[in-house]
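One structure is given here, and the rest of the page talks about it.
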Amino acid sequence: MENTQQFINANKQRFLDELFDLLRIPSVSADPKFKGDVLKAAEFLAEKLKVAGMNNVELMATDGNPIVYGEKIIDASKPTVLVYGHYDVQPADPYELWTSPPFEPEIRDEKIWARGACDDKGQTYMHVKAIEAMIANNELLCNVKVIIEGEEEVGSVNLNPFLEKYKDKLKADVVLISDTSMIANDCPSITVGLRGLSYMEVEVVSSNRDLHSGVYGGAVANPINVLCEMIASLKDENKHITIPGFYNDVRELSADERKGLNSSPFNLEEYKKELKLTEVEGEKGYTTLERTSIRPTVDVNGIWGGYIGEGAKTVLPAKANAKISMRLVPNQNSEKISNLFAEHFKKIAPKSVTVKVTAHHGGEPVITPTDTVAYRAASKAMEKTFGIVPLPGYEGGSIPIVASFESILGLKTILFGFGLDTDALHSPNENYGLFNFYKGIETIPYFYQNYAEMSK
Ligand code: BES
Ligand code: MN
Ligand code: MN
């Protein structure tokens with residue numbers, strides 16, 4: 001890997017310049033007005049895969065945004081790594097809260113500031129450049145296939161049919177993904193658990209039109225009040241979720257497992273300080289680390305209704321809405337939980353309103369094993385470049401496709417993330433450390449080397 005590492009060192013500035021070009025493309029998948037840019041980002045990456053020396057590079061059509069594909073088969077007897085990433089990003093609103101504009105990347109404090117800097121353009125691009133470096137120096141020791149999708153941030157709804165359709169083409173031995181965080185730059189970690197997701201939308205309606213709040217107030221149900229009461233009742237005084245059956249399938253960790261999880265470096269005071277929290281809150285009997293990793297949640301993501309314009313309007317609104325997400329843990333099932341929620345939410349509605357519940361996308365929780373060749377290869381790679389053995393860690397976010405890689409392709413995944421929780425993913429001022437970007441590019445080739453070596 002000597003030559004590969006030298007190549008990386010000699011091309012650092014170019015790698016960064018190219019990432020900046022990618023970050024300038026506002027590939028927001030949630031908003032149709034960015035459709036053209038989403039396509040541009042896909043084309044940009046296809047071009048870079050070609051430049052990297054990959055073969056059979058193409059944009060593969062789906063019912064939504066295309067998937068960028070490329071491969072380099074060096075020797076059929078060698079193991080094959082399937083790299084996954086996403087080129088779509090979350091919306092950047094509210095723009096006014098960004099110190100520098102979200103799609104005009106810049107470096108400050110040794111960090112890249114832009115939407116997608118970490119999630120997931122910065123992390124995906126590390127792979128493109130590591131692959132380029134290995135191919136250029138004849139030091140690629142595994143076969144590699146790359147898929148980069150454009151709908152991760154909207155639930156990857158077209159990826160399952162894609163995996164089904166191209167099972168043969170995507171044949172591999174392991175999936176490698178950089179789309180998660182490490183504990184800290186001086187405490188590398190490999191993610192071994194992700195939460196699942198159920199995402200619901202609810203509507204509460206009382207009257208057939210908005211009403212005068214003086215004429216009707218007090219006699220007609222106010223759907224906003226009702227919705228708030230219903231939402232409030234989803235947790236009890238211990239912040240335990242009240243939906244019947246919700247915890248039935250939750251795997252409780254053993255005392256030893258909990259001790260291990262809680263021995264990860266974590267400083268509650270720093271955590272509060274970084275977020276300017278006056279206090280944390282969550283399910284009684286569990287630590288903050290547990291609450292954000294191995295315990296399920298219910299959260300309102302957005303709520304609307306009534307008058308929110310200038311001044312005051314005295315009105316009894318006819319309806320109220322909310323988007324509610326639940327993060328799930330092993331062995332909960334997204335469809336089952338969505339159904340439990342819908343049933344419960346309709347049941348707790350007072351007679352004075354009608355309630356509509358619809359399910360959006362979801363995803364299953366995952367646990368990835370540590371007793372595999374691939375995990376040991378990843379661990380050894382990080383040990384080599386950080387000088388520290390990485391800790392296995394559970395994370396609270398979701399990457400729904402990981403469960404599908406296992407159920408459809410029969411593949412285990414290595415969650416080889418180089419981000420930090422403080423990178424402000426999905427928030428204004430998203431950023432990614434230059435240290436992290438370059439450390440990722442440096443570390444990835446060692447994974448291939450170790451994996452080829454250890455698979456013999
Ligand atoms: N990369 C994140 C997931 C993530 C972030 C995992 C940090 C672990 C640590 C991914 O892009 C993401 O945001 N996923 C969504 C999934 C949803 C849109 C189905 C999420 O978790 O909200
Ligand atoms: Mn991501
Ligand atoms: Mn994301």
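Identifiers in this document derive from the order of the structure tokens: chains are assigned A, B, ..., residues are numbered from 1 separately in each chain, and ligands are numbered from 1 in order of occurrence.
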Could you make a table, as CSV, of the residues of chain A that have an atom within 7 Å of an atom of ligand 1, each with its nearest atom pair and distance in Å to one decimal, counting only C-alpha atoms and all ligand atoms, in chain and number order?
```
residue,atom,partner,partner_atom_place_in_ligand_line,distance
A:Asp119,CA,ligand 1,1 (N),5.5
A:Asp120,CA,ligand 1,1 (N),6.4
A:Glu152,CA,ligand 1,18 (C),6.1
A:Glu153,CA,ligand 1,18 (C),4.1
A:Val154,CA,ligand 1,18 (C),4.9
A:Gly155,CA,ligand 1,19 (C),4.1
A:Asp179,CA,ligand 1,1 (N),4.5
A:Thr180,CA,ligand 1,9 (C),4.0
A:Ser181,CA,ligand 1,9 (C),5.1
A:Leu194,CA,ligand 1,8 (C),6.7
A:Leu197,CA,ligand 1,19 (C),6.6
A:His361,CA,ligand 1,19 (C),6.6
A:Gly362,CA,ligand 1,19 (C),6.1
A:Gly363,CA,ligand 1,19 (C),6.4
A:Glu395,CA,ligand 1,8 (C),5.4
A:Gly396,CA,ligand 1,8 (C),6.1
A:Gly397,CA,ligand 1,6 (C),3.8
A:Ser398,CA,ligand 1,21 (O),3.7
A:Ile399,CA,ligand 1,14 (N),5.1
A:Pro400,CA,ligand 1,19 (C),6.0
A:Asp421,CA,ligand 1,7 (C),6.7
```
message: For ligand 2, return the neighbouring residues as a PyMOL selection string (distance at most 12 Å; only C-alpha atoms and all ligand atoms).
response: chain A and resi 84-90+115-124+148-156+177-181+397-402+415+417-419+423-426
task: List every residue of region 158-209 of chain A that DSSP, applied to the backbone, labels as strand (DSSP E), and write the result as a list in words.
output: Val174, Val175, Leu176, Ile177, Ser181, Met182, Ser189, Ile190, Thr191, Val192, Gly193, Leu194, Gly196, Leu197, Ser198, Tyr199, Met200, Glu201, Val202, Glu203, Val204 and Val205 of chain A
- request: Please return as a ChimeraX atom specification: the residues of region 125-334 of chain A that backbone DSSP assigns to alpha helix (DSSP H).
  value: /A:125-136,159-165,223-232,255-262,268-275,288-291,334
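For the pair CA of Thr358 (chain A) and CA of Ser293 (chain A), the interatomic distance is 26.1 Å.
Shortest separation to ligand 3 among A:Met200, A:Met326, A:Glu430, A:Pro161 occurs at residue A:Glu430, atoms counted being only C-alpha atoms and all ligand atoms.
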- prompt: Got a sec: who's within 12 Å of region 333-350 of chain A, counting only C-alpha atoms, leaving out chain neighbours fewer than 5 positions off, as number ranges by chain?
  reply: A: 195-206, 220-223, 225-234, 241-251, 296-298, 324-328, 355-366, 398, 400, 403
Fewer than 3 positions away in the same chain doesn't count, so skip those; otherwise give me all residues within 9 Å of region 109-111 of chain A, counting only C-alpha atoms, as a tab-separated table (two decimals) with N, CA, C and O atoms, in the first residue's frame.
```tsv
chain	number	residue	atom	x	y	z
A	106	GLU	N	-16.78	25.77	1.93
A	106	GLU	CA	-15.53	26.45	2.27
A	106	GLU	C	-14.88	25.77	3.47
A	106	GLU	O	-15.51	25.01	4.19
A	431	ASN	N	-20.81	19.96	8.59
A	431	ASN	CA	-19.37	20.05	8.31
A	431	ASN	C	-18.72	18.69	8.42
A	431	ASN	O	-19.30	17.74	8.95
A	432	TYR	N	-17.50	18.61	7.89
A	432	TYR	CA	-16.75	17.36	7.92
A	432	TYR	C	-15.28	17.73	8.04
A	432	TYR	O	-14.77	18.55	7.27
A	433	GLY	N	-14.62	17.15	9.04
A	433	GLY	CA	-13.23	17.49	9.29
A	433	GLY	C	-12.32	17.06	8.14
A	433	GLY	O	-12.50	15.98	7.58
A	434	LEU	N	-11.35	17.90	7.81
A	434	LEU	CA	-10.35	17.49	6.82
A	434	LEU	C	-9.63	16.25	7.31
A	434	LEU	O	-9.32	15.33	6.55
A	435	PHE	N	-9.37	16.21	8.62
A	435	PHE	CA	-8.75	15.03	9.23
A	435	PHE	C	-9.55	13.78	8.87
A	435	PHE	O	-8.99	12.76	8.47
```
Applying 10 Å and only C-alpha atoms, which residues near region 53-61 of chain A remain after dropping the ones on its own chain fewer than 4 positions away? List them as a CSV table (one decimal) with C-alpha atoms, in the first residue's frame.
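After the write, result18.csv holds the following:
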```csv
chain,number,residue,atom,x,y,z
A,39,LEU,CA,-29.1,14.0,-11.9
A,42,ALA,CA,-25.1,11.2,-10.3
A,43,GLU,CA,-23.4,12.1,-13.6
A,45,LEU,CA,-19.9,10.6,-9.8
A,46,ALA,CA,-20.2,8.3,-12.8
A,47,GLU,CA,-17.5,10.4,-14.5
A,48,LYS,CA,-15.3,10.1,-11.4
A,49,LEU,CA,-15.7,6.4,-11.2
A,65,ASN,CA,-33.3,8.7,-9.1
A,66,PRO,CA,-30.7,6.7,-10.9
A,67,ILE,CA,-28.1,4.5,-9.2
A,68,VAL,CA,-24.5,5.1,-10.1
A,69,TYR,CA,-22.7,1.8,-10.8
A,70,GLY,CA,-19.1,0.9,-11.4
A,71,GLU,CA,-16.9,-2.2,-11.0
A,72,LYS,CA,-13.4,-3.4,-11.1
A,73,ILE,CA,-12.9,-7.1,-11.3
A,128,VAL,CA,-14.0,6.9,-4.9
A,131,ILE,CA,-10.3,3.1,-5.2
A,132,GLU,CA,-8.7,5.5,-7.7
A,133,ALA,CA,-5.4,5.4,-5.7
A,134,MET,CA,-5.4,1.6,-5.5
A,135,ILE,CA,-6.1,1.1,-9.2
A,136,ALA,CA,-3.6,3.7,-10.3
A,144,VAL,CA,-14.9,-4.0,-6.1
A,145,LYS,CA,-18.4,-3.0,-7.1
A,146,VAL,CA,-19.8,0.4,-6.3
A,147,ILE,CA,-23.4,1.6,-6.0
A,148,ILE,CA,-24.2,5.2,-5.1
A,149,GLU,CA,-27.9,5.9,-4.8
A,158,ASN,CA,-36.6,2.1,-5.1
A,162,PHE,CA,-33.1,-2.8,-7.6
```
message: So, with only C-alpha atoms as the atoms that count, which of A:Ile303, A:Ala377, A:Leu211, A:Ala76 lies closest to Asn321 (chain A)?
response: A:Ile303
message: as a ChimeraX atom specification, please: the residues near region 307-317 of chain A (cut-off 6 Å, only C-alpha atoms, same-chain neighbours under 4 positions excluded).
response: /A:210-213
Write to file, as a PDB file, in the first residue's frame, the residues of the selection just made, with N, CA, C and O atoms.
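What follows is the written file result16.pdb:
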```pdb
ATOM      1  N   ASP A 210     -62.995  26.147   9.187  1.00  0.00           N
ATOM      2  CA  ASP A 210     -62.488  26.921  10.323  1.00  0.00           C
ATOM      3  C   ASP A 210     -63.642  27.733  10.904  1.00  0.00           C
ATOM      4  O   ASP A 210     -64.486  28.237  10.159  1.00  0.00           O
ATOM      5  N   LEU A 211     -63.647  27.883  12.227  1.00  0.00           N
ATOM      6  CA  LEU A 211     -64.777  28.548  12.880  1.00  0.00           C
ATOM      7  C   LEU A 211     -64.317  29.744  13.699  1.00  0.00           C
ATOM      8  O   LEU A 211     -63.153  29.823  14.104  1.00  0.00           O
ATOM      9  N   HIS A 212     -65.237  30.660  13.979  1.00  0.00           N
ATOM     10  CA  HIS A 212     -64.990  31.788  14.878  1.00  0.00           C
ATOM     11  C   HIS A 212     -64.760  31.214  16.277  1.00  0.00           C
ATOM     12  O   HIS A 212     -65.622  30.483  16.800  1.00  0.00           O
ATOM     13  N   SER A 213     -63.629  31.540  16.870  1.00  0.00           N
ATOM     14  CA  SER A 213     -63.300  30.892  18.147  1.00  0.00           C
ATOM     15  C   SER A 213     -64.100  31.453  19.316  1.00  0.00           C
ATOM     16  O   SER A 213     -64.105  30.887  20.401  1.00  0.00           O
TER      17      SER A 213
END
```
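Distances here use only C-alpha atoms; by that measure, the residue among A:Ile441, A:Ala452, A:Leu289, A:Ala219 closest to Asn262 (chain A) is A:Leu289.
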Spatial neighbours of Leu409 (chain A), max dist 10 Å, only C-alpha atoms, sep filter under 4 positions, as a PDB file with C-alpha atoms, in the first residue's frame:
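Written file, around-v4.pdb:
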```pdb
ATOM      1  CA  LEU A 163     -31.389  -5.284  -5.360  1.00  0.00           C
ATOM      2  CA  GLU A 164     -33.921  -7.959  -6.339  1.00  0.00           C
ATOM      3  CA  TYR A 166     -29.707  -7.172 -10.047  1.00  0.00           C
ATOM      4  CA  LYS A 167     -28.968  -9.875  -7.473  1.00  0.00           C
ATOM      5  CA  ASP A 168     -26.447 -11.515  -9.823  1.00  0.00           C
ATOM      6  CA  LEU A 170     -24.324  -7.275  -7.318  1.00  0.00           C
ATOM      7  CA  LYS A 171     -22.910 -10.580  -6.120  1.00  0.00           C
ATOM      8  CA  ALA A 172     -20.253  -9.849  -3.514  1.00  0.00           C
ATOM      9  CA  ASP A 173     -18.809 -11.056  -0.223  1.00  0.00           C
ATOM     10  CA  VAL A 174     -19.366  -8.053   1.971  1.00  0.00           C
ATOM     11  CA  VAL A 175     -20.891  -4.556   1.872  1.00  0.00           C
ATOM     12  CA  ALA A 403     -31.229  -4.781   6.392  1.00  0.00           C
ATOM     13  CA  SER A 404     -32.068  -5.310   2.706  1.00  0.00           C
ATOM     14  CA  PHE A 405     -28.455  -6.131   1.834  1.00  0.00           C
TER      15      PHE A 405
END
```
message: So the first atom is CA of Ser189 (chain A) and the second is CA of Met454 (chain A); what is the distance between them in Å, to one decimal place?
response: 20.5 Å
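Straight-line separation from CA of Phe103 (chain A) to CA of Pro428 (chain A): 11.4 Å.
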field: Top pick for closest residue to ligand 3, considering A:Ala30, A:Ile25, A:Leu16, A:Ile112 and counting only C-alpha atoms and all ligand atoms
entry: A:Ala30
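Using only C-alpha atoms and all ligand atoms, the smallest distance between any of A:Thr80, A:Ser427, A:Gln449, A:Thr368 and ligand 3 comes from A:Ser427.
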